[in-house]
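Working notes, structure below.
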Number of protein chains: 2
Amino acid sequence: MTTTLNDCSVHVIGLGLMGGSLAMALRGKVRRLTADDIQPAVLQAAAGNGVIETGGSAADADIVVLAIPANRIIDIIPTLTVRPGTLVLDLGSTKTRICDQLDRLPENVQAVGGHPMCGLAENGYTNALPTLYAGARFVLCETARTTDQARTLAEALVAAVGAVPLWMDRVRQDYLTALTSHLPHLLSFALMQLAMEVSAEDSALYDLAAGGFDGATRLARTEESMIVGMFSTNAEQLRSVTARLREHLDHLEALLETPALRDELDAIVAARRSYTDRYGERLIS
Amino acid sequence: MTTTLNDCSVHVIGLGLMGGSLAMALRGKVRRLTADDIQPAVLQAAAGNGVIETGGSAADADIVVLAIPANRIIDIIPTLTVRPGTLVLDLGSTKTRICDQLDRLPENVQAVGGHPMCGLAENGYTNALPTLYAGARFVLCETARTTDQARTLAEALVAAVGAVPLWMDRVRQDYLTALTSHLPHLLSFALMQLAMEVSAEDSALYDLAAGGFDGATRLARTEESMIVGMFSTNAEQLRSVTARLREHLDHLEALLETPALRDELDAIVAARRSYTDRYGERLIS
């Protein structure tokens with residue numbers, strides 16, 4: 001395998017928000033860039049704009065990027081036909097079960113698990129942006145098929161799209177992103193489902209909603225296939241952090257009418273503001 | 001009492017985000033506009049910019065607007081000194097306990113409960129905007145001190161700041177806003193408190209956070225005094241909607257690895273998108 005990114009042919013499977021944005025950011029930085037998508041119109045649009053070349057397949061690529069929902073990545077890995085030396089990199093939002101599959105690829109194939117920490121509430125190629133990855137952390141997980149060459153090439157691809165590689169154990173990544181990403185999605189969906197129920201009882205409900213409600217339910221606009229992928233492949237860790245969230249809800253509920261509420265909330269506000277100071281404030285849409 | 005807004009002197013108690021924005025929007029539309037604030041620097045700034053005139057008090061105003069946290073509104077109402085015929089209007093985020101206090105004002109005083117459905121995650125006069133109320137629903141609650149004249153004047157004030165009056169029973173408003181506003185705040189605080197705990201266990205946590213986490217915890221940037229006011233004066237209704245949210249969390253958690261998850265999430269996404277189509281998408285910061 002070559003370890004120089006611009007000598008590589010790259011084949012992206014799935015030109016949605018993540019795959020489409022990755023292709024846009026890689027354009028002109030690799031020898032050849034091709035893609036597959038279940039929607040022929042998307043492939044035509046990407047080829048028409050010169051983002052990808054037509055033709056190409058996983059079987060003739062140096063790097064294959066899997067940019068489909070996490071549950072479908074798990075299904076597709078055992079069916080992949082690639083050349084010896086090819087690097088398989090996935091962008092799935094959960095890593096344990098995906099990397100377990102990548103471990104089982106033939107020994108002459110290279111594989112690294114990936115999870116870019118960026119996105120938008122609205123998915124699909126029509127929302128893809130060449131700058132989506134700019135400045136984002138991009139988690140990389142070692143597999144049984146990760147050589148030093150694979151590491152170097154994966155890091156080069158991450159750098160080429162403007163992101164910052166962050167190597168991490170698959171289980172740890174899944175626990176932490178269960179909190180930072182999957183739980184916020186679950187809460188957003190649960191709150192919107194409750195709102196649907198209450199608005200059926202009292203049609204004035206949505207008239208009383210404003211920016212707070214809109215922000216708290218914005219992730220429930222995300223395309224269901226993405227969410228099914230993240231929820232179904234990380235259910236155990238998601239349940240684990242949700243149980244911990246319930247403890248904090250219990251705790252804060254118990255304080256609602258007590259003088260201790262003020263200090264407790266104050267400490268949270270201070271932590272949230274210091275977080276903003278450190279990382280800036282990122283909008284999801 | 002006069003029922004023509006531009007003949008009225010208005011005194012605003014509390015020049016934070018809500019009171020400050022209201023004053024900015026009322027400027028030039030009333031006979032005299034004055035204010036009180038616990039921070040002398042805020043009063044100086046507002047007077048210096050010509051938003052308010054100096055001097056003035058509740059005792060010589062035709063309309064007194066209470067724009068302080070809900071728990072402090074409850075405390076201040078019995079201590080108010082106003083002229084016969086004065087209209088007292090509050091902007092507190094909960095209405096049952098406040099309106100119960102307004103009911104007890106002297107019979108020659110007018111009173112209407114108010115709750116404008118707008119805001120920003122960051123509070124304070126420095127974030128106030130003359131356009132904050134533009135297009136927002138503004139809940140008005142009848143009290144035992146609401147005459148037809150008080151209704152007319154309250155509606156005129158709401159219209160003058162660009163908002164849309166929506167008369168509603170106090171208990172119903174508190175139940176619905178427990179869902180649309182107070183619960184989103186509680187979830188945001190609980191999630192941020194969990195993140196504080198987990199980041200103490202694993203310092204990489206925040207490196208894996210992106211727009212989804214930021215959006216889900218943005219309300220936890222809100223000044224603690226506002227939140228104490230809303231939580232402590234609506235604790236019963238907040239607990240009631242939180243219990244219902246837990247049922248939806250239970251329900252979705254039970255579906256995480258089942259085929260039924262897809263249709264369930266799909267219905268929620270459809271409802272959230274149709275909500276956006278109807279109301280637009282409002283940012284809180």
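Letters A, B, ... mark the chains of the structure tokens in the order given; residue numbers begin at 1 per chain; ligand numbers begin at 1, in order shown.
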
| field | Interface, chain A side, toward chain B (6 Å; only C-alpha atoms) as a ChimeraX atom specification | value | /A:117,176,180-181,184,190,205,209-213,216,220-221,224,231-232,248-249,256-257,265-266,269,272,282-284

| field | Contacts of Leu91 of chain B at 12 Å (only C-alpha atoms; same-chain gap of 6+ positions) as JSON, numbers by chain | value | {"B": [12, 13, 14, 15, 16, 17, 18, 19, 20, 21, 22, 64, 65, 66, 67, 68, 69, 70, 71, 72, 73, 74, 98, 99, 111, 112, 113, 114, 115, 116, 117, 118, 119, 133, 138, 139, 140, 141, 154, 158, 226, 229, 230]}

| message | Can you pull out the residues contacting Asp174 of chain B? Cut-off 8 Å, using only C-alpha atoms, and skip same-chain residues under 3 positions away; I want them as an MDAnalysis selection string. | response | chainID B and resid 94:96 170:171 177:178 234 237

| field | Closest of B:Ala150, B:Ala144, B:Val30, B:Ala23 to Asn49 of chain B - atom-to-atom distances counting only C-alpha atoms | value | B:Ala23

| field | Contacts of Gln149 of chain A at 12 Å (only C-alpha atoms; same-chain gap of 6+ positions) as a PyMOL selection string | value | chain A and resi 1-5+85-87+109-112+155-156

| query | Looking only at the backbone, which of the residues in segment 90-222 of chain A does DSSP tag as helix (DSSP H, G or I), as number ranges by chain? | reply | A: 96-102, 125-127, 148-160, 170-201, 205-208, 211-221

Restricted to C-alpha atoms, what would the selected residues look like written as a PDB file, in the first residue's frame?
ATOM      1  CA  THR A  96     -17.179  -1.057  19.335  1.00  0.00           C
ATOM      2  CA  ARG A  97     -19.308  -3.254  17.135  1.00  0.00           C
ATOM      3  CA  ILE A  98     -17.911  -1.765  13.921  1.00  0.00           C
ATOM      4  CA  CYS A  99     -14.281  -2.290  14.975  1.00  0.00           C
ATOM      5  CA  ASP A 100     -15.151  -5.835  16.059  1.00  0.00           C
ATOM      6  CA  GLN A 101     -16.204  -6.423  12.435  1.00  0.00           C
ATOM      7  CA  LEU A 102     -13.133  -4.634  11.037  1.00  0.00           C
ATOM      8  CA  TYR A 125     -25.818  15.307   0.308  1.00  0.00           C
ATOM      9  CA  THR A 126     -27.826  18.515  -0.214  1.00  0.00           C
ATOM     10  CA  ASN A 127     -26.574  19.719   3.185  1.00  0.00           C
ATOM     11  CA  ASP A 148       1.785   1.766  11.186  1.00  0.00           C
ATOM     12  CA  GLN A 149       1.181   2.472   7.512  1.00  0.00           C
ATOM     13  CA  ALA A 150      -2.577   2.425   8.069  1.00  0.00           C
ATOM     14  CA  ARG A 151      -2.193   4.849  10.963  1.00  0.00           C
ATOM     15  CA  THR A 152      -0.158   7.251   8.865  1.00  0.00           C
ATOM     16  CA  LEU A 153      -2.576   7.150   5.954  1.00  0.00           C
ATOM     17  CA  ALA A 154      -5.670   7.552   8.155  1.00  0.00           C
ATOM     18  CA  GLU A 155      -4.077  10.538   9.887  1.00  0.00           C
ATOM     19  CA  ALA A 156      -3.197  12.063   6.508  1.00  0.00           C
ATOM     20  CA  LEU A 157      -6.808  11.727   5.346  1.00  0.00           C
ATOM     21  CA  VAL A 158      -8.089  13.325   8.543  1.00  0.00           C
ATOM     22  CA  ALA A 159      -5.619  16.197   8.170  1.00  0.00           C
ATOM     23  CA  ALA A 160      -6.561  16.619   4.497  1.00  0.00           C
ATOM     24  CA  ARG A 170     -13.319   1.848  20.841  1.00  0.00           C
ATOM     25  CA  VAL A 171     -15.176   1.148  24.109  1.00  0.00           C
ATOM     26  CA  ARG A 172     -14.077   4.402  25.687  1.00  0.00           C
ATOM     27  CA  GLN A 173     -15.114   6.364  22.574  1.00  0.00           C
ATOM     28  CA  ASP A 174     -18.544   4.721  22.678  1.00  0.00           C
ATOM     29  CA  TYR A 175     -19.091   5.518  26.343  1.00  0.00           C
ATOM     30  CA  LEU A 176     -18.044   9.141  25.972  1.00  0.00           C
ATOM     31  CA  THR A 177     -20.022   9.730  22.771  1.00  0.00           C
ATOM     32  CA  ALA A 178     -23.037   8.002  24.329  1.00  0.00           C
ATOM     33  CA  LEU A 179     -23.004  11.010  26.640  1.00  0.00           C
ATOM     34  CA  THR A 180     -21.926  13.783  24.247  1.00  0.00           C
ATOM     35  CA  SER A 181     -23.992  12.719  21.246  1.00  0.00           C
ATOM     36  CA  HIS A 182     -26.353   9.755  21.633  1.00  0.00           C
ATOM     37  CA  LEU A 183     -27.966  10.829  24.901  1.00  0.00           C
ATOM     38  CA  PRO A 184     -28.637  14.389  23.619  1.00  0.00           C
ATOM     39  CA  HIS A 185     -30.347  12.767  20.629  1.00  0.00           C
ATOM     40  CA  LEU A 186     -32.385  10.423  22.847  1.00  0.00           C
ATOM     41  CA  LEU A 187     -33.502  13.306  25.101  1.00  0.00           C
ATOM     42  CA  SER A 188     -34.443  15.377  22.091  1.00  0.00           C
ATOM     43  CA  PHE A 189     -36.548  12.547  20.632  1.00  0.00           C
ATOM     44  CA  ALA A 190     -38.195  11.781  23.996  1.00  0.00           C
ATOM     45  CA  LEU A 191     -39.064  15.455  24.565  1.00  0.00           C
ATOM     46  CA  MET A 192     -40.531  15.806  21.073  1.00  0.00           C
ATOM     47  CA  GLN A 193     -42.542  12.603  21.535  1.00  0.00           C
ATOM     48  CA  LEU A 194     -43.913  13.947  24.824  1.00  0.00           C
ATOM     49  CA  ALA A 195     -44.780  17.218  23.072  1.00  0.00           C
ATOM     50  CA  MET A 196     -46.697  15.283  20.401  1.00  0.00           C
ATOM     51  CA  GLU A 197     -48.694  13.575  23.146  1.00  0.00           C
ATOM     52  CA  VAL A 198     -49.407  16.777  25.101  1.00  0.00           C
ATOM     53  CA  SER A 199     -50.249  18.804  21.992  1.00  0.00           C
ATOM     54  CA  ALA A 200     -52.913  16.193  21.180  1.00  0.00           C
ATOM     55  CA  GLU A 201     -54.405  16.960  24.615  1.00  0.00           C
ATOM     56  CA  LEU A 205     -48.878  23.704  23.410  1.00  0.00           C
ATOM     57  CA  TYR A 206     -46.775  24.732  20.438  1.00  0.00           C
ATOM     58  CA  ASP A 207     -47.993  28.342  20.716  1.00  0.00           C
ATOM     59  CA  LEU A 208     -46.109  28.429  24.023  1.00  0.00           C
ATOM     60  CA  GLY A 211     -36.220  29.073  21.298  1.00  0.00           C
ATOM     61  CA  GLY A 212     -35.680  26.870  24.369  1.00  0.00           C
ATOM     62  CA  PHE A 213     -38.002  24.150  23.107  1.00  0.00           C
ATOM     63  CA  ASP A 214     -36.763  24.506  19.528  1.00  0.00           C
ATOM     64  CA  GLY A 215     -33.146  24.064  20.606  1.00  0.00           C
ATOM     65  CA  ALA A 216     -33.974  21.154  22.914  1.00  0.00           C
ATOM     66  CA  THR A 217     -35.750  19.256  20.115  1.00  0.00           C
ATOM     67  CA  ARG A 218     -33.576  20.276  17.186  1.00  0.00           C
ATOM     68  CA  LEU A 219     -31.713  16.946  17.092  1.00  0.00           C
ATOM     69  CA  ALA A 220     -35.082  15.231  16.541  1.00  0.00           C
ATOM     70  CA  ARG A 221     -34.976  16.635  13.008  1.00  0.00           C
TER      71      ARG A 221
END

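Relative to atom CA of Pro165 of chain B, atom CA of Thr79 of chain B is found at 27.7 Å.
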
DSSP on the backbone, then: every residue of segment 61-284 of chain A marked strand (DSSP E or B), written as a PDB file with C-alpha atoms, in the first residue's frame.
ATOM      1  CA  ILE A  63      -8.796   3.693   0.517  1.00  0.00           C
ATOM      2  CA  VAL A  64     -12.448   2.744   1.015  1.00  0.00           C
ATOM      3  CA  VAL A  65     -14.469   5.089   3.241  1.00  0.00           C
ATOM      4  CA  LEU A  66     -17.695   3.697   4.720  1.00  0.00           C
ATOM      5  CA  LEU A  87      -7.285   0.728   3.839  1.00  0.00           C
ATOM      6  CA  VAL A  88     -10.888   0.540   5.038  1.00  0.00           C
ATOM      7  CA  LEU A  89     -11.944   3.532   7.149  1.00  0.00           C
ATOM      8  CA  ASP A  90     -15.483   3.985   8.440  1.00  0.00           C
ATOM      9  CA  GLN A 110      -5.930  -2.586   6.541  1.00  0.00           C
ATOM     10  CA  ALA A 111      -8.662  -1.079   8.712  1.00  0.00           C
ATOM     11  CA  VAL A 112      -9.129   1.873  11.056  1.00  0.00           C
ATOM     12  CA  GLY A 113     -12.361   2.874  12.784  1.00  0.00           C
ATOM     13  CA  GLY A 114     -13.260   6.576  12.533  1.00  0.00           C
ATOM     14  CA  HIS A 115     -15.756   8.971  14.088  1.00  0.00           C
ATOM     15  CA  PRO A 116     -15.611  12.617  13.060  1.00  0.00           C
ATOM     16  CA  ARG A 137     -11.844  16.248  16.341  1.00  0.00           C
ATOM     17  CA  PHE A 138     -11.819  13.018  14.347  1.00  0.00           C
ATOM     18  CA  VAL A 139     -11.651   9.926  16.557  1.00  0.00           C
ATOM     19  CA  LEU A 140      -9.585   7.068  15.157  1.00  0.00           C
ATOM     20  CA  CYS A 141      -9.730   3.562  16.650  1.00  0.00           C
ATOM     21  CA  GLU A 142      -7.083   0.942  16.145  1.00  0.00           C
ATOM     22  CA  VAL A 164      -7.678  16.760  14.109  1.00  0.00           C
ATOM     23  CA  PRO A 165      -7.000  13.034  14.676  1.00  0.00           C
ATOM     24  CA  LEU A 166      -7.634  11.665  18.169  1.00  0.00           C
ATOM     25  CA  TRP A 167      -6.720   8.011  18.729  1.00  0.00           C
TER      26      TRP A 167
END

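Coordinates place atom CA of Pro78 of chain B at a distance of 10.5 Å from atom CA of Asp103 of chain B.
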
| message | As an exercise, work out the distance from atom CA of Leu33 of chain B to atom CA of Gly92 of chain B in Å and give it to one decimal place. | response |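 Separating atom CA of Leu33 of chain B from atom CA of Gly92 of chain B is a distance of 20.0 Å.
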